[in-house]
Amino acid sequence: MTQQERWTAEHIPDQTGRVFVVTGASSGLGLATARALARRGGHVILAVRDEAKGRRAAAGLTAAQPDARLEVRRIDLADLDSVRAFAEKLHADHARLDVLVNNAGVMAPPRTLSPQGHEVQFAANHLGHFALTGLLLGLLTAGTDPRVVTVSSPNHRKAQLYFDDLTGERRYSPMGYYNQSKLANAVFGHELHRRLTEAGSPVRSLLAHPGYTATGLQTGGPVALVSLLFGRVLKPLAQSPAQGALPQLYAATQPGVAGGEFIGPDGRGELRGAPTRVELSAGAADAATGRRLWEVSEEATGVRCAIPRSG
């Protein structure tokens, strides 16, 4: 496939028999991702915080596609107890997992702490996905062409990790800590790739970002100024969730995509367009930063992400 052909969801190969977990699948990018995977025959587990909303989303998908293979399971990624409960139930009910799409996120709320005392954006966007990935690595290792796709943002390039103030107690800013969480996603995805490769694991870690996409992320929780800017002023410039989901769908399904790749839109400023390989910031690829964030994340979550080897 040449880039000139402009990859779309119609190019997704047949996914019959493959099992996917998509976090944040009740709306926005997650719902668009689940819809596209189900249309191509995938068995999609909608991992959602609001189970009633998730069931309504699944009902909508089934109405449009009666043969869709869907499950709705509750997970609150900001609550590590919920993450553990989700992983335990998945292990009990499934012998393997083929693809985990770490999609869910929150954006720019007032400073809030998770049940375990972590800043909520760092908790939901990074720590919850770190823990979930670690707890599901065994199922992924048993999968076919297994992949972890972690959704970051172009904002990771202008962010820093506040290792001396991860909870924002001293200098919290809503967008600054959102950007930190997106950098953490990028650092984690790259460091996971390094560790999987070193261990000879069959699991591939990839990163994706949606460009600028109109979803509830910009209006469902941010402080008022951020909600006004992204939800109203800039909304006419945004692409649809179906278009914004293409990079993570490409990373999850395209044959031949390599571990460690970062997929984003091909348009100007990576704001919109068809999926293509984009650059990870030097800071996100820094080995020392990757090791430090991994250690901090293991300590914060209590999840030791041992990488199983194949066979």
# chains A, B, ... in the order shown; residues from 1 in each chain; ligands from 1
>>> residues_around(residues="Ala214 in chain A", least_positions_apart="2", cutoff="7 Å", atoms="only C-alpha atoms", output="ChimeraX atom specification")
/A:212,235,238-241
>>> write_last_selection(atoms="all heavy atoms", output="tab-separated table (two decimals), in the first residue's frame")
chain	number	residue	atom	x	y	z
A	212	TYR	N	-5.92	16.30	15.56
A	212	TYR	CA	-6.93	17.10	16.23
A	212	TYR	C	-8.31	16.58	15.86
A	212	TYR	O	-8.76	16.73	14.72
A	212	TYR	CB	-6.80	18.58	15.87
A	212	TYR	CG	-7.78	19.47	16.61
A	212	TYR	CD1	-8.14	19.17	17.93
A	212	TYR	CD2	-8.37	20.55	16.00
A	212	TYR	CE1	-9.04	19.95	18.61
A	212	TYR	CE2	-9.28	21.34	16.68
A	212	TYR	CZ	-9.61	21.03	17.98
A	212	TYR	OH	-10.52	21.80	18.67
A	235	LYS	N	-13.22	23.86	17.25
A	235	LYS	CA	-13.95	22.66	16.82
A	235	LYS	C	-14.16	22.58	15.31
A	235	LYS	O	-14.07	21.49	14.73
A	235	LYS	CB	-15.28	22.57	17.54
A	235	LYS	CG	-16.01	21.25	17.27
A	235	LYS	CD	-17.27	21.12	18.12
A	235	LYS	CE	-17.96	19.79	17.86
A	235	LYS	NZ	-19.17	19.63	18.70
A	238	ALA	N	-11.55	20.57	13.50
A	238	ALA	CA	-11.28	19.19	13.92
A	238	ALA	C	-11.86	18.18	12.92
A	238	ALA	O	-12.83	18.44	12.23
A	238	ALA	CB	-11.87	18.95	15.30
A	239	GLN	N	-11.24	17.00	12.90
A	239	GLN	CA	-11.76	15.91	12.09
A	239	GLN	C	-12.69	15.04	12.94
A	239	GLN	O	-12.75	15.18	14.17
A	239	GLN	CB	-10.63	15.09	11.49
A	239	GLN	CG	-9.67	14.49	12.50
A	239	GLN	CD	-8.47	13.85	11.83
A	239	GLN	OE1	-8.40	13.72	10.62
A	239	GLN	NE2	-7.51	13.43	12.64
A	240	SER	N	-13.39	14.14	12.31
A	240	SER	CA	-14.34	13.28	13.00
A	240	SER	C	-13.61	12.17	13.77
A	240	SER	O	-12.48	11.82	13.44
A	240	SER	CB	-15.29	12.64	12.00
A	240	SER	OG	-14.58	11.69	11.20
A	241	PRO	N	-14.28	11.59	14.79
A	241	PRO	CA	-13.67	10.45	15.49
A	241	PRO	C	-13.33	9.30	14.55
A	241	PRO	O	-12.31	8.63	14.74
A	241	PRO	CB	-14.74	10.06	16.51
A	241	PRO	CG	-15.47	11.33	16.79
A	241	PRO	CD	-15.51	12.05	15.47
>>> residues_around(residues="Asn103 in chain A", least_positions_apart="6", cutoff="8 Å", atoms="only C-alpha atoms", output="number ranges by chain")
A: 22-24, 29-30, 150-151
>>> write_last_selection(atoms="N, CA, C and O atoms", output="tab-separated table (two decimals), in the first residue's frame")
chain	number	residue	atom	x	y	z
A	22	VAL	N	-10.39	-2.50	23.87
A	22	VAL	CA	-10.28	-1.07	23.57
A	22	VAL	C	-10.76	-0.30	24.79
A	22	VAL	O	-11.94	-0.40	25.17
A	23	THR	N	-9.88	0.45	25.42
A	23	THR	CA	-10.29	1.24	26.58
A	23	THR	C	-10.95	2.54	26.10
A	23	THR	O	-10.63	3.08	25.05
A	24	GLY	N	-11.88	3.01	26.92
A	24	GLY	CA	-12.60	4.22	26.55
A	24	GLY	C	-13.47	4.04	25.33
A	24	GLY	O	-13.61	4.95	24.51
A	29	LEU	N	-13.05	8.37	20.07
A	29	LEU	CA	-12.08	7.55	19.35
A	29	LEU	C	-12.23	6.07	19.68
A	29	LEU	O	-12.08	5.21	18.81
A	30	GLY	N	-12.51	5.77	20.94
A	30	GLY	CA	-12.63	4.37	21.34
A	30	GLY	C	-13.82	3.70	20.68
A	30	GLY	O	-13.72	2.56	20.21
A	150	THR	N	-0.66	2.19	22.20
A	150	THR	CA	-0.87	3.22	23.22
A	150	THR	C	-1.04	4.56	22.52
A	150	THR	O	-0.22	4.95	21.68
A	151	VAL	N	-2.11	5.26	22.88
A	151	VAL	CA	-2.46	6.51	22.20
A	151	VAL	C	-1.82	7.69	22.94
A	151	VAL	O	-2.09	7.93	24.12
>>> closest_atom_pairs(of="range 55-160 of chain A", to="range 282-291 of chain A", cutoff="10 Å", atoms="only C-alpha atoms", output="Markdown table")
| residue | atom | partner | partner_atom | distance |
| --- | --- | --- | --- | --- |
| A:His156 | CA | A:Ala284 | CA | 7.8 |
| A:Arg157 | CA | A:Gly283 | CA | 7.8 |
| A:Lys158 | CA | A:Gly283 | CA | 9.7 |
| A:Ala159 | CA | A:Gly283 | CA | 9.2 |
| A:Gln160 | CA | A:Gly283 | CA | 8.5 |
>>> write_last_selection(atoms="all heavy atoms", output="compact mmCIF listing (two decimals), in the first residue's frame")
# COMPACT_ATOMS: atom_id res chain seq x y z
N HIS A 156 3.04 15.58 23.30
CA HIS A 156 4.15 14.98 24.05
C HIS A 156 5.47 15.68 23.72
O HIS A 156 6.39 15.67 24.53
CB HIS A 156 4.24 13.48 23.73
CG HIS A 156 5.09 13.14 22.56
ND1 HIS A 156 4.61 13.13 21.26
CD2 HIS A 156 6.41 12.80 22.46
CE1 HIS A 156 5.60 12.80 20.43
NE2 HIS A 156 6.68 12.58 21.13
N ARG A 157 5.53 16.33 22.56
CA ARG A 157 6.78 16.96 22.13
C ARG A 157 7.07 18.25 22.88
O ARG A 157 8.21 18.73 22.84
CB ARG A 157 6.74 17.22 20.62
CG ARG A 157 6.56 15.94 19.78
CD ARG A 157 6.67 16.22 18.29
NE ARG A 157 6.49 15.00 17.52
CZ ARG A 157 5.44 14.73 16.76
NH1 ARG A 157 4.46 15.63 16.64
NH2 ARG A 157 5.34 13.59 16.10
N LYS A 158 6.07 18.83 23.52
CA LYS A 158 6.29 20.07 24.26
C LYS A 158 6.09 19.89 25.76
O LYS A 158 5.89 20.86 26.49
CB LYS A 158 5.37 21.17 23.73
CG LYS A 158 3.89 20.86 23.82
CD LYS A 158 3.09 22.00 23.18
CE LYS A 158 1.60 21.73 23.21
NZ LYS A 158 0.82 22.79 22.54
N ALA A 159 6.15 18.63 26.19
CA ALA A 159 5.87 18.32 27.60
C ALA A 159 7.14 17.96 28.35
O ALA A 159 8.20 17.76 27.77
CB ALA A 159 4.88 17.16 27.66
N GLN A 160 7.00 17.89 29.66
CA GLN A 160 8.05 17.35 30.51
C GLN A 160 7.42 16.49 31.59
O GLN A 160 6.23 16.63 31.89
CB GLN A 160 8.86 18.47 31.14
CG GLN A 160 8.07 19.44 32.00
CD GLN A 160 8.94 20.53 32.60
OE1 GLN A 160 9.98 20.26 33.23
NE2 GLN A 160 8.56 21.77 32.40
>>> residues_around(residues="Ala274 in chain A", least_positions_apart="5", cutoff="9 Å", atoms="only C-alpha atoms", output="ChimeraX atom specification")
/A:3,6-8,243-244,246-247,264-267
>>> write_last_selection(atoms="N, CA and C atoms", output="mmCIF file, in the first residue's frame")
data_model
loop_
_atom_site.group_PDB
_atom_site.id
_atom_site.type_symbol
_atom_site.label_atom_id
_atom_site.label_comp_id
_atom_site.auth_asym_id
_atom_site.auth_seq_id
_atom_site.Cartn_x
_atom_site.Cartn_y
_atom_site.Cartn_z
ATOM 1 N N GLN A 3 1.452 5.399 0.275
ATOM 2 C CA GLN A 3 0.812 6.436 1.071
ATOM 3 C C GLN A 3 -0.209 7.214 0.234
ATOM 4 N N ARG A 6 -3.954 6.556 0.504
ATOM 5 C CA ARG A 6 -4.673 7.092 1.663
ATOM 6 C C ARG A 6 -5.475 6.006 2.379
ATOM 7 N N TRP A 7 -4.814 5.366 3.296
ATOM 8 C CA TRP A 7 -5.359 4.256 4.056
ATOM 9 C C TRP A 7 -6.630 4.683 4.784
ATOM 10 N N THR A 8 -7.655 3.863 4.705
ATOM 11 C CA THR A 8 -8.913 4.099 5.410
ATOM 12 C C THR A 8 -9.313 2.827 6.144
ATOM 13 N N GLN A 243 -12.298 9.445 11.513
ATOM 14 C CA GLN A 243 -11.036 9.776 10.857
ATOM 15 C C GLN A 243 -9.891 9.775 11.871
ATOM 16 N N GLY A 244 -10.129 10.333 13.045
ATOM 17 C CA GLY A 244 -9.084 10.399 14.057
ATOM 18 C C GLY A 244 -8.638 9.043 14.559
ATOM 19 N N LEU A 246 -8.133 6.427 12.763
ATOM 20 C CA LEU A 246 -7.395 5.658 11.759
ATOM 21 C C LEU A 246 -5.954 5.330 12.165
ATOM 22 N N PRO A 247 -5.192 6.261 12.757
ATOM 23 C CA PRO A 247 -3.827 5.879 13.130
ATOM 24 C C PRO A 247 -3.764 4.713 14.113
ATOM 25 N N GLY A 264 0.622 8.551 13.040
ATOM 26 C CA GLY A 264 -0.221 9.731 13.183
ATOM 27 C C GLY A 264 -0.733 10.186 11.836
ATOM 28 N N PRO A 265 -1.503 11.274 11.793
ATOM 29 C CA PRO A 265 -2.029 11.774 10.520
ATOM 30 C C PRO A 265 -0.926 12.380 9.658
ATOM 31 N N ASP A 266 -1.148 12.324 8.329
ATOM 32 C CA ASP A 266 -0.113 12.793 7.411
ATOM 33 C C ASP A 266 -0.283 14.244 6.976
ATOM 34 N N GLY A 267 -1.295 14.945 7.508
ATOM 35 C CA GLY A 267 -1.537 16.324 7.112
ATOM 36 C C GLY A 267 -0.605 17.309 7.789
#
>>> select_by_dssp(residues="range 92-250 of chain A", states="strand (DSSP E)", output="list of chain:residue names")
A:Val99, A:Leu100, A:Val101, A:Asn102, A:Arg147, A:Val148, A:Val149, A:Thr150, A:Val151, A:Arg204, A:Ser205, A:Leu206, A:Leu207, A:Ala208
>>> write_last_selection(atoms="N, CA, C and O atoms", output="PDB file, in the first residue's frame")
ATOM      1  N   VAL A  99      -4.935  -7.962  20.749  1.00  0.00           N
ATOM      2  CA  VAL A  99      -4.571  -6.547  20.679  1.00  0.00           C
ATOM      3  C   VAL A  99      -5.186  -5.797  21.854  1.00  0.00           C
ATOM      4  O   VAL A  99      -6.381  -5.947  22.142  1.00  0.00           O
ATOM      5  N   LEU A 100      -4.361  -4.987  22.514  1.00  0.00           N
ATOM      6  CA  LEU A 100      -4.816  -4.062  23.547  1.00  0.00           C
ATOM      7  C   LEU A 100      -4.619  -2.652  23.016  1.00  0.00           C
ATOM      8  O   LEU A 100      -3.504  -2.275  22.651  1.00  0.00           O
ATOM      9  N   VAL A 101      -5.712  -1.888  22.948  1.00  0.00           N
ATOM     10  CA  VAL A 101      -5.639  -0.493  22.506  1.00  0.00           C
ATOM     11  C   VAL A 101      -5.832   0.398  23.728  1.00  0.00           C
ATOM     12  O   VAL A 101      -6.937   0.522  24.261  1.00  0.00           O
ATOM     13  N   ASN A 102      -4.744   1.001  24.184  1.00  0.00           N
ATOM     14  CA  ASN A 102      -4.753   1.896  25.341  1.00  0.00           C
ATOM     15  C   ASN A 102      -5.188   3.283  24.876  1.00  0.00           C
ATOM     16  O   ASN A 102      -4.366   4.165  24.611  1.00  0.00           O
ATOM     17  N   ARG A 147      -0.355  -7.227  19.802  1.00  0.00           N
ATOM     18  CA  ARG A 147       0.106  -5.831  19.791  1.00  0.00           C
ATOM     19  C   ARG A 147      -0.481  -5.063  20.969  1.00  0.00           C
ATOM     20  O   ARG A 147      -1.613  -5.313  21.400  1.00  0.00           O
ATOM     21  N   VAL A 148       0.287  -4.101  21.452  1.00  0.00           N
ATOM     22  CA  VAL A 148      -0.197  -3.088  22.385  1.00  0.00           C
ATOM     23  C   VAL A 148      -0.089  -1.757  21.657  1.00  0.00           C
ATOM     24  O   VAL A 148       0.997  -1.378  21.214  1.00  0.00           O
ATOM     25  N   VAL A 149      -1.209  -1.062  21.513  1.00  0.00           N
ATOM     26  CA  VAL A 149      -1.218   0.247  20.871  1.00  0.00           C
ATOM     27  C   VAL A 149      -1.571   1.282  21.926  1.00  0.00           C
ATOM     28  O   VAL A 149      -2.668   1.240  22.503  1.00  0.00           O
ATOM     29  N   THR A 150      -0.658   2.188  22.204  1.00  0.00           N
ATOM     30  CA  THR A 150      -0.866   3.218  23.221  1.00  0.00           C
ATOM     31  C   THR A 150      -1.044   4.563  22.524  1.00  0.00           C
ATOM     32  O   THR A 150      -0.224   4.947  21.684  1.00  0.00           O
ATOM     33  N   VAL A 151      -2.113   5.261  22.877  1.00  0.00           N
ATOM     34  CA  VAL A 151      -2.457   6.509  22.203  1.00  0.00           C
ATOM     35  C   VAL A 151      -1.821   7.686  22.938  1.00  0.00           C
ATOM     36  O   VAL A 151      -2.091   7.925  24.120  1.00  0.00           O
ATOM     37  N   ARG A 204       4.197  -6.809  20.118  1.00  0.00           N
ATOM     38  CA  ARG A 204       4.742  -5.559  19.603  1.00  0.00           C
ATOM     39  C   ARG A 204       4.079  -4.378  20.299  1.00  0.00           C
ATOM     40  O   ARG A 204       2.860  -4.379  20.512  1.00  0.00           O
ATOM     41  N   SER A 205       4.869  -3.377  20.647  1.00  0.00           N
ATOM     42  CA  SER A 205       4.344  -2.144  21.218  1.00  0.00           C
ATOM     43  C   SER A 205       4.438  -1.040  20.177  1.00  0.00           C
ATOM     44  O   SER A 205       5.506  -0.783  19.623  1.00  0.00           O
ATOM     45  N   LEU A 206       3.292  -0.388  19.915  1.00  0.00           N
ATOM     46  CA  LEU A 206       3.243   0.713  18.965  1.00  0.00           C
ATOM     47  C   LEU A 206       2.567   1.915  19.605  1.00  0.00           C
ATOM     48  O   LEU A 206       1.815   1.783  20.576  1.00  0.00           O
ATOM     49  N   LEU A 207       2.842   3.083  19.042  1.00  0.00           N
ATOM     50  CA  LEU A 207       2.223   4.321  19.496  1.00  0.00           C
ATOM     51  C   LEU A 207       1.401   4.904  18.359  1.00  0.00           C
ATOM     52  O   LEU A 207       1.702   4.692  17.175  1.00  0.00           O
ATOM     53  N   ALA A 208       0.362   5.645  18.721  1.00  0.00           N
ATOM     54  CA  ALA A 208      -0.458   6.326  17.718  1.00  0.00           C
ATOM     55  C   ALA A 208      -0.970   7.628  18.311  1.00  0.00           C
ATOM     56  O   ALA A 208      -1.025   7.791  19.534  1.00  0.00           O
TER      57      ALA A 208
END
>>> select_by_dssp(residues="range 68-300 of chain A", states="helix (DSSP H, G or I)", output="ChimeraX atom specification")
/A:80-93,120-141,154-158,174-199,216-218,224-233,235-237,241-244,246-253,268-270,287-300
>>> closest_residue(among="A:Thr112, A:Thr253, A:Gln248, A:Ser297", to="Leu127 in chain A", atoms="only C-alpha atoms")
A:Ser297
>>> atom_distance(atom1="CA of Glu298 in chain A", atom2="CA of Leu90 in chain A")
21.1 Å
>>> residues_around(residues="Val303 in chain A", least_positions_apart="4", cutoff="9 Å", atoms="only C-alpha atoms", output="PyMOL selection string")
chain A and resi 130-132+134-135+297-299
>>> write_last_selection(atoms="N, CA, C and O atoms", output="PDB file, in the first residue's frame")
ATOM      1  N   PHE A 130      -0.502   1.518  32.098  1.00  0.00           N
ATOM      2  CA  PHE A 130       0.721   0.786  32.433  1.00  0.00           C
ATOM      3  C   PHE A 130       0.361  -0.491  33.186  1.00  0.00           C
ATOM      4  O   PHE A 130       0.828  -1.592  32.854  1.00  0.00           O
ATOM      5  N   ALA A 131      -0.481  -0.350  34.218  1.00  0.00           N
ATOM      6  CA  ALA A 131      -0.867  -1.509  35.027  1.00  0.00           C
ATOM      7  C   ALA A 131      -1.662  -2.514  34.200  1.00  0.00           C
ATOM      8  O   ALA A 131      -1.420  -3.737  34.275  1.00  0.00           O
ATOM      9  N   LEU A 132      -2.596  -2.027  33.399  1.00  0.00           N
ATOM     10  CA  LEU A 132      -3.414  -2.924  32.586  1.00  0.00           C
ATOM     11  C   LEU A 132      -2.541  -3.719  31.616  1.00  0.00           C
ATOM     12  O   LEU A 132      -2.701  -4.935  31.467  1.00  0.00           O
ATOM     13  N   GLY A 134       0.654  -4.437  31.884  1.00  0.00           N
ATOM     14  CA  GLY A 134       1.450  -5.412  32.629  1.00  0.00           C
ATOM     15  C   GLY A 134       0.639  -6.618  33.055  1.00  0.00           C
ATOM     16  O   GLY A 134       1.112  -7.758  32.963  1.00  0.00           O
ATOM     17  N   LEU A 135      -0.590  -6.383  33.493  1.00  0.00           N
ATOM     18  CA  LEU A 135      -1.440  -7.484  33.958  1.00  0.00           C
ATOM     19  C   LEU A 135      -1.953  -8.369  32.820  1.00  0.00           C
ATOM     20  O   LEU A 135      -2.343  -9.516  33.052  1.00  0.00           O
ATOM     21  N   SER A 297       6.505   3.959  37.756  1.00  0.00           N
ATOM     22  CA  SER A 297       5.178   3.402  37.479  1.00  0.00           C
ATOM     23  C   SER A 297       4.974   2.071  38.206  1.00  0.00           C
ATOM     24  O   SER A 297       3.879   1.793  38.708  1.00  0.00           O
ATOM     25  N   GLU A 298       6.004   1.233  38.235  1.00  0.00           N
ATOM     26  CA  GLU A 298       5.893  -0.016  38.985  1.00  0.00           C
ATOM     27  C   GLU A 298       5.662   0.264  40.463  1.00  0.00           C
ATOM     28  O   GLU A 298       4.838  -0.391  41.113  1.00  0.00           O
ATOM     29  N   GLU A 299       6.384   1.244  40.989  1.00  0.00           N
ATOM     30  CA  GLU A 299       6.230   1.590  42.406  1.00  0.00           C
ATOM     31  C   GLU A 299       4.828   2.134  42.682  1.00  0.00           C
ATOM     32  O   GLU A 299       4.185   1.791  43.675  1.00  0.00           O
TER      33      GLU A 299
END
>>> atom_distance(atom1="CA of Pro308 in chain A", atom2="CA of Ser152 in chain A")
24.8 Å
>>> closest_residue(among="A:Met107, A:Ala25, A:Arg84, A:Asn125", to="Leu70 in chain A", atoms="only C-alpha atoms")
A:Ala25
>>> decode(residues="range 279-301 of chain A", atoms="C-alpha atoms", output="mmCIF file, in the first residue's frame")
data_model
loop_
_atom_site.group_PDB
_atom_site.id
_atom_site.type_symbol
_atom_site.label_atom_id
_atom_site.label_comp_id
_atom_site.auth_asym_id
_atom_site.auth_seq_id
_atom_site.Cartn_x
_atom_site.Cartn_y
_atom_site.Cartn_z
ATOM 1 C CA GLU A 279 8.499 11.085 14.692
ATOM 2 C CA LEU A 280 8.770 10.443 18.401
ATOM 3 C CA SER A 281 10.466 13.231 20.331
ATOM 4 C CA ALA A 282 14.045 12.659 21.434
ATOM 5 C CA GLY A 283 12.933 13.077 25.036
ATOM 6 C CA ALA A 284 10.342 10.320 24.718
ATOM 7 C CA ALA A 285 12.922 7.965 23.249
ATOM 8 C CA ASP A 286 15.539 8.688 25.918
ATOM 9 C CA ALA A 287 16.567 5.397 27.537
ATOM 10 C CA ALA A 288 17.248 6.851 30.990
ATOM 11 C CA THR A 289 13.859 8.555 31.058
ATOM 12 C CA GLY A 290 12.206 5.311 29.974
ATOM 13 C CA ARG A 291 13.841 3.352 32.783
ATOM 14 C CA ARG A 292 12.992 5.986 35.364
ATOM 15 C CA LEU A 293 9.337 6.241 34.366
ATOM 16 C CA TRP A 294 9.056 2.441 34.326
ATOM 17 C CA GLU A 295 10.428 2.197 37.859
ATOM 18 C CA VAL A 296 8.211 5.035 39.116
ATOM 19 C CA SER A 297 5.178 3.402 37.479
ATOM 20 C CA GLU A 298 5.893 -0.016 38.985
ATOM 21 C CA GLU A 299 6.230 1.590 42.406
ATOM 22 C CA ALA A 300 3.027 3.626 41.987
ATOM 23 C CA THR A 301 0.904 0.741 40.688
#
